[in-house]
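input.cif (mmCIF, C-alpha atoms)
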```
data_data
loop_
_atom_site.label_atom_id
_atom_site.label_comp_id
_atom_site.auth_asym_id
_atom_site.auth_seq_id
_atom_site.Cartn_x
_atom_site.Cartn_y
_atom_site.Cartn_z
CA ALA A 1 9.47 -14.04 20.46
CA ARG A 2 12.59 -13.87 22.60
CA GLY A 3 15.23 -12.79 20.09
CA ASP A 4 16.52 -9.28 19.44
CA PHE A 5 14.73 -9.13 16.07
CA ILE A 6 11.23 -10.02 14.87
CA ALA A 7 10.21 -11.04 11.36
CA PHE A 8 6.74 -12.05 10.17
CA LEU A 9 5.83 -14.71 7.65
CA ASP A 10 2.15 -14.87 6.72
CA SER A 11 0.49 -17.90 5.18
CA ASP A 12 0.31 -16.22 1.76
CA ASP A 13 3.99 -15.18 1.69
CA SER A 14 7.30 -16.91 1.21
CA TRP A 15 10.86 -15.70 1.75
CA MET A 16 13.61 -15.82 -0.82
CA GLU A 17 17.09 -17.02 0.05
CA GLY A 18 19.23 -14.50 1.91
CA LYS A 19 16.39 -12.25 3.11
CA LEU A 20 17.14 -12.17 6.83
CA HIS A 21 20.90 -12.00 6.28
CA ARG A 22 20.50 -9.01 3.95
CA GLN A 23 18.15 -7.19 6.31
CA TYR A 24 20.26 -7.82 9.38
CA ALA A 25 23.29 -6.39 7.61
CA ALA A 26 21.29 -3.32 6.54
CA LEU A 27 20.12 -2.68 10.12
CA GLU A 28 23.63 -3.04 11.46
CA ASP A 29 24.95 -0.57 8.89
CA ALA A 30 22.12 1.90 9.57
CA GLY A 31 22.76 2.09 13.30
CA ALA A 32 20.70 1.80 16.45
CA ASP A 33 18.37 4.71 15.54
CA THR A 34 16.89 2.61 12.72
CA ALA A 35 14.27 0.23 14.08
CA ALA A 36 13.21 -1.72 10.98
CA VAL A 37 14.03 -2.52 7.38
CA VAL A 38 11.60 -3.52 4.65
CA THR A 39 12.45 -5.17 1.32
CA GLY A 40 10.70 -5.29 -2.02
CA TYR A 41 8.36 -8.11 -2.96
CA ILE A 42 7.02 -9.95 -5.97
CA ALA A 43 3.22 -10.14 -6.13
CA VAL A 44 1.80 -13.27 -7.76
CA ALA A 45 -1.79 -12.89 -8.96
CA PRO A 46 -4.28 -15.80 -8.88
CA ASP A 47 -3.71 -16.28 -12.64
CA GLY A 48 0.04 -16.62 -12.08
CA THR A 49 0.99 -13.14 -13.35
CA GLN A 50 4.02 -11.82 -11.48
CA ASN A 51 4.76 -8.18 -10.76
CA TYR A 52 7.60 -6.56 -8.81
CA VAL A 53 6.04 -3.86 -6.65
CA ASP A 54 8.25 -0.81 -7.06
CA GLY A 55 6.88 1.17 -4.14
CA TRP A 56 7.22 4.83 -3.24
CA HIS A 57 9.16 3.93 -0.08
CA PHE A 58 12.24 3.14 -2.15
CA TYR A 59 12.48 6.79 -3.20
CA HIS A 60 11.10 8.70 -0.20
CA ASP A 61 11.61 8.63 3.54
CA ILE A 62 9.10 6.32 5.18
CA SER A 63 6.75 8.41 7.31
CA VAL A 64 3.19 8.28 8.63
CA ARG A 65 2.22 11.04 6.22
CA ASP A 66 3.47 9.25 3.12
CA LEU A 67 2.07 5.93 4.34
CA LEU A 68 -1.43 7.43 4.47
CA VAL A 69 -1.18 9.64 1.38
CA ARG A 70 0.71 7.33 -0.98
CA GLY A 71 -0.71 3.98 0.12
CA CYS A 72 0.65 1.08 2.14
CA THR A 73 2.93 -0.63 -0.36
CA ILE A 74 5.13 -1.44 2.64
CA GLY A 75 2.25 -3.22 4.35
CA LEU A 76 3.43 -6.78 3.97
CA GLY A 77 4.53 -8.37 7.21
CA GLY A 78 6.73 -10.81 5.33
CA CYS A 79 8.93 -7.97 4.06
CA MET A 80 9.99 -6.62 7.45
CA LEU A 81 12.72 -7.20 9.99
CA ILE A 82 12.18 -5.21 13.21
CA ARG A 83 14.12 -4.63 16.38
CA ARG A 84 12.13 -6.43 19.06
CA GLU A 85 11.98 -3.55 21.55
CA ALA A 86 10.63 -1.16 18.92
CA ALA A 87 7.98 -3.66 17.78
CA LEU A 88 6.75 -4.17 21.33
CA ALA A 89 6.70 -0.42 21.99
CA ALA A 90 4.28 0.04 19.07
CA GLY A 91 1.85 -2.38 20.69
CA ALA A 92 -0.07 -5.34 19.31
CA PHE A 93 -2.02 -5.49 16.08
CA ASP A 94 -5.63 -4.35 16.48
CA GLU A 95 -7.47 -7.54 15.62
CA THR A 96 -10.86 -5.83 15.89
CA LEU A 97 -10.26 -3.90 12.66
CA PRO A 98 -11.88 -5.54 9.62
CA LEU A 99 -9.09 -4.23 7.35
CA TYR A 100 -6.09 -1.85 7.45
CA VAL A 101 -4.62 -3.72 10.41
CA ASP A 102 -1.12 -3.30 8.98
CA VAL A 103 -1.63 0.41 8.23
CA ASP A 104 -2.94 1.00 11.74
CA TRP A 105 0.12 -0.67 13.27
CA PHE A 106 2.52 1.13 10.94
CA CYS A 107 1.03 4.47 11.98
CA ARG A 108 1.88 3.74 15.61
CA PHE A 109 5.29 2.32 14.73
CA LEU A 110 6.40 5.09 12.37
CA ASP A 111 5.19 7.77 14.75
CA LYS A 112 8.10 6.86 17.03
CA HIS A 113 10.59 4.88 14.95
CA ARG A 114 12.64 5.07 11.75
CA MET A 115 12.33 2.48 8.99
CA ILE A 116 14.53 2.05 5.92
CA SER A 117 14.01 0.05 2.74
CA ILE A 118 15.97 -2.18 0.37
CA ASN A 119 14.87 -2.00 -3.27
CA GLU A 120 15.40 -5.70 -3.86
CA PRO A 121 12.82 -8.52 -3.89
CA TYR A 122 13.14 -10.92 -0.99
CA THR A 123 9.50 -11.86 -0.39
CA ILE A 124 6.91 -13.46 -2.66
CA TYR A 125 3.28 -12.51 -1.96
CA TYR A 126 0.58 -14.80 -3.35
CA LYS A 127 -2.41 -12.52 -3.82
CA ALA A 128 -5.97 -13.49 -3.07
CA PRO A 129 -8.93 -11.90 -4.89
CA LEU A 130 -9.61 -8.37 -3.64
CA ARG A 131 -12.37 -7.89 -1.09
CA ASP A 132 -15.73 -6.38 -1.98
CA GLY A 133 -15.55 -2.62 -2.44
CA ALA A 134 -18.37 -1.93 0.04
CA PHE A 135 -16.46 -3.89 2.68
CA VAL A 136 -13.34 -1.80 1.96
CA GLU A 137 -15.36 1.42 2.28
CA THR A 138 -16.76 0.38 5.66
CA ALA A 139 -13.32 -0.67 6.87
CA ALA A 140 -11.88 2.70 5.83
CA LYS A 141 -14.48 4.55 7.92
CA ILE A 142 -13.60 2.45 10.96
CA PHE A 143 -9.88 3.04 10.38
CA LEU A 144 -10.43 6.80 10.15
CA GLU A 145 -12.44 6.80 13.38
CA ARG A 146 -9.79 4.84 15.27
CA ASN A 147 -6.99 7.09 14.02
CA ALA A 148 -8.85 10.41 14.12
CA ALA A 149 -6.47 11.98 16.66
CA LEU A 150 -3.45 11.10 14.55
CA ILE A 151 -4.97 12.27 11.27
CA GLU A 152 -6.14 15.56 12.81
CA ARG A 153 -2.48 16.48 13.24
CA PHE A 154 -2.20 17.01 9.50
CA PRO A 155 -3.41 20.18 7.75
CA ARG A 156 -6.71 19.99 5.89
CA SER A 157 -4.97 19.70 2.51
CA GLU A 158 -3.12 16.60 3.71
CA ARG A 159 -6.26 15.08 5.19
CA ARG A 160 -7.93 15.39 1.79
CA LEU A 161 -5.06 13.44 0.22
CA ILE A 162 -5.52 10.69 2.81
CA LEU A 163 -9.24 10.49 1.98
CA ALA A 164 -8.41 10.36 -1.73
CA GLN A 165 -6.14 7.37 -1.17
CA LEU A 166 -8.75 5.48 0.85
CA HIS A 167 -11.43 6.14 -1.77
CA GLU A 168 -9.06 4.93 -4.48
CA ASN A 169 -8.51 1.71 -2.54
CA ALA A 170 -12.27 1.14 -2.58
CA ALA A 171 -12.43 1.98 -6.30
CA VAL A 172 -9.78 -0.63 -7.08
CA SER A 173 -11.73 -3.27 -5.14
CA HIS A 174 -15.01 -2.35 -6.84
CA LYS A 175 -13.31 -2.58 -10.24
CA ALA A 176 -11.71 -5.95 -9.48
CA ASN A 177 -15.13 -7.34 -8.51
CA GLY A 178 -16.89 -5.97 -11.60
CA ASN A 179 -18.94 -3.34 -9.78
CA ARG A 180 -18.88 -0.46 -12.26
CA GLY A 181 -21.29 1.69 -10.25
CA GLY A 182 -19.26 1.32 -7.07
CA PHE A 183 -16.07 1.98 -9.01
CA ARG A 184 -17.47 5.22 -10.45
CA ARG A 185 -18.71 6.48 -7.09
CA ALA A 186 -15.51 5.70 -5.22
CA LEU A 187 -13.26 7.11 -7.94
CA ILE A 188 -15.29 10.34 -8.18
CA LYS A 189 -14.96 10.76 -4.39
CA SER A 190 -11.21 10.21 -4.73
CA LEU A 191 -10.94 12.82 -7.50
CA ILE A 192 -13.02 15.35 -5.55
CA ALA A 193 -10.67 14.95 -2.58
CA ASN A 194 -7.57 15.16 -4.80
CA PRO A 195 -8.23 16.49 -8.35
CA LYS A 196 -4.51 16.63 -9.21
CA ARG A 197 -4.27 13.11 -10.52
CA ARG A 198 -2.49 11.60 -13.50
CA PRO A 199 -4.54 11.78 -16.72
CA GLY A 200 -4.96 8.01 -16.86
CA VAL A 201 -7.24 8.10 -13.81
CA TYR A 202 -9.64 10.50 -15.56
CA VAL A 203 -9.50 8.45 -18.76
CA GLU A 204 -10.44 5.32 -16.83
CA LEU A 205 -13.39 7.09 -15.22
CA ILE A 206 -14.65 8.28 -18.62
CA GLU A 207 -14.25 4.75 -19.98
CA CYS A 208 -16.35 3.37 -17.14
CA ILE A 209 -19.10 5.98 -17.55
CA LEU A 210 -19.33 5.60 -21.34
CA GLY A 211 -18.56 1.89 -21.51
CA LEU A 212 -15.70 2.54 -23.96
CA ASN A 213 -12.07 1.49 -24.24
CA LEU A 214 -10.20 4.68 -25.04
CA ARG A 215 -6.70 3.60 -24.16
CA GLN A 216 -6.28 0.70 -26.57
CA PRO A 217 -6.82 2.82 -29.72
CA VAL A 218 -4.42 5.45 -28.41
CA LEU A 219 -1.78 2.85 -27.66
CA HIS A 220 -2.32 1.36 -31.10
CA MET A 221 -1.83 4.73 -32.78
CA LEU A 222 1.35 5.28 -30.80
CA GLY A 223 2.59 1.86 -31.75
CA ARG A 224 2.77 0.75 -28.16
CA LYS A 225 1.72 -2.56 -26.71
CA SER A 226 -0.75 -2.87 -23.90
CA TYR A 227 0.48 -4.26 -20.63
CA ARG A 228 -1.00 -6.19 -17.78
CA ASN A 229 -0.71 -4.61 -14.39
CA SER A 230 -0.76 -6.31 -11.03
CA GLY A 231 -4.47 -5.67 -10.57
CA ASP A 232 -4.12 -3.67 -7.37
CA ARG A 233 -3.47 -0.32 -9.02
CA MET A 234 -5.32 1.72 -11.57
CA PRO A 235 -3.17 2.14 -14.71
#
```
Please rewrite the model in this file as structure tokens.
Amino acid sequence: ARGDFIAFLDSDDSWMEGKLHRQYAALEDAGADTAAVVTGYIAVAPDGTQNYVDGWHFYHDISVRDLLVRGCTIGLGGCMLIRREAALAAGAFDETLPLYVDVDWFCRFLDKHRMISINEPYTIYYKAPLRDGAFVETAAKIFLERNAALIERFPRSERRLILAQLHENAAVSHKANGNRGGFRRALIKSLIANPKRRPGVYVELIECILGLNLRQPVLHMLGRKSYRNSGDRMP
């Protein structure tokens, strides 16, 4: 790439009209100290269900800490526009990682550069089925080993939150692939690392252990309709 800006477009993404124009204008308005801008995206599941991903980065400053603790909802290459010099300074993607390649790169990038976000959808992401949970668990261990020096900067309480997020990622993958045992184990590890979770996470664990559906009757009693989520988050 020889231009002043770099944008990625993966094979499972597409851009909506006006994306680059909107991002370029946002970077110009933000000033030279802002190295990148990320937009929102619409996730399209294999069954055609669409979901706008309303990520944490629209409401909080984008930092390495929040990236690791809250999850990489910004981790879609197709959503970014980056100043070329800043992208090169962060180095290349680590292609030896089995997973978390985007998170690994973002850690290096955000450690030195500022990124802003636009809470508007300009990218469409066509989701593939989630990987096997055991694969995700192994990939998380490798990611932690590669980024040990960075993660050690955080206090122990923050490191526990990072572990909780990685275990939850594995739990989601186990659940999507129908592995109830793997889901239980990964979710319990996530709750041990971070017990202060929303009640729905505990309800889902109890449902899995007992083989019951506790939420539907409650929703029925409250007169509320069930909803379909995007499949990459626990309700």
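Reported to one decimal place, the separation of atom CA of Leu187 of chain A from atom CA of Ser173 of chain A is 10.9 Å.
Checking A:Val172, A:Val69, A:Leu97, A:Cys208 one by one against Ala193 of chain A, counting all atoms listed in the file, you find the shortest gap at A:Val69.
Near Cys79 of chain A, within 7 Å and counting only C-alpha atoms, sit A:Val38, A:Thr39, A:Gly40, A:Thr123, not including residues fewer than 6 positions from it in the same chain.
Minimum atom-to-atom distance to Ala149 of chain A, evaluated using all atoms listed in the file, belongs to A:Arg108 out of A:Arg108, A:Lys189, A:Arg114, A:Arg70.
Within 7 Å of Asp13 of chain A, once all atoms listed in the file are used and residues closer than 3 positions along the same chain are dropped, the contacting residues are Leu9, Asp10, Gly78, Thr123, Ile124, Tyr125 and Tyr126 of chain A.
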*Enumerate, as a PyMOL selection string, the protein, DNA and RNA residues whose atoms approach (13.9, -11.3, 4.5) to within 8 Å, taking into account all atoms listed in the file and the coordinate frame of the file.*
chain A and resi 7+15-23+39+78-81+122-123
_List as a count of residues only the protein and nucleic acid residues near Gly182 of chain A, meaning an atom at most 12 Å away when all atoms listed in the file are counted, but skip any in the same chain fewer than 2 places from it._
29
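In this structure, atom CA of Pro199 of chain A sits 17.8 Å away from atom CA of Gly211 of chain A.
Straight-line separation from atom CA of Asn51 of chain A to atom CA of Val64 of chain A: 25.5 Å.
Evaluating the PyMOL selection byres ((chain A and resi 143) around 9) against the shown model yields Leu97, Pro98, Leu99, Tyr100, Val101, Val103, Asp104, Thr138, Ala139, Ala140, Lys141, Ile142, Leu144, Glu145, Arg146, Asn147 and Ala148 of chain A.
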*Name the residues captured by the PyMOL selection byres ((chain A and resi 45) around 9) when it is applied to the shown file; answer as a PyMOL selection string.*
chain A and resi 43-44+46-51+125-129+230-231
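The shortest atom-to-atom distance to Ile206 of chain A, with only C-alpha atoms taken into account, belongs to A:Phe183 out of A:Ile192, A:Leu68, A:Phe183, A:Ala1.
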Given the file above and the PyMOL selection byres ((chain A and resi 112) around 10), which residues are selected, and can you give them as a PDB file with C-alpha atoms, in the frame of the given file?
```
ATOM      1  CA  ALA A  35      14.270   0.230  14.080  1.00  0.00           C
ATOM      2  CA  SER A  63       6.750   8.410   7.310  1.00  0.00           C
ATOM      3  CA  VAL A  64       3.190   8.280   8.630  1.00  0.00           C
ATOM      4  CA  ALA A  86      10.630  -1.160  18.920  1.00  0.00           C
ATOM      5  CA  ALA A  89       6.700  -0.420  21.990  1.00  0.00           C
ATOM      6  CA  ALA A  90       4.280   0.040  19.070  1.00  0.00           C
ATOM      7  CA  CYS A 107       1.030   4.470  11.980  1.00  0.00           C
ATOM      8  CA  ARG A 108       1.880   3.740  15.610  1.00  0.00           C
ATOM      9  CA  PHE A 109       5.290   2.320  14.730  1.00  0.00           C
ATOM     10  CA  LEU A 110       6.400   5.090  12.370  1.00  0.00           C
ATOM     11  CA  ASP A 111       5.190   7.770  14.750  1.00  0.00           C
ATOM     12  CA  HIS A 113      10.590   4.880  14.950  1.00  0.00           C
ATOM     13  CA  ARG A 114      12.640   5.070  11.750  1.00  0.00           C
TER      14      ARG A 114
END
```
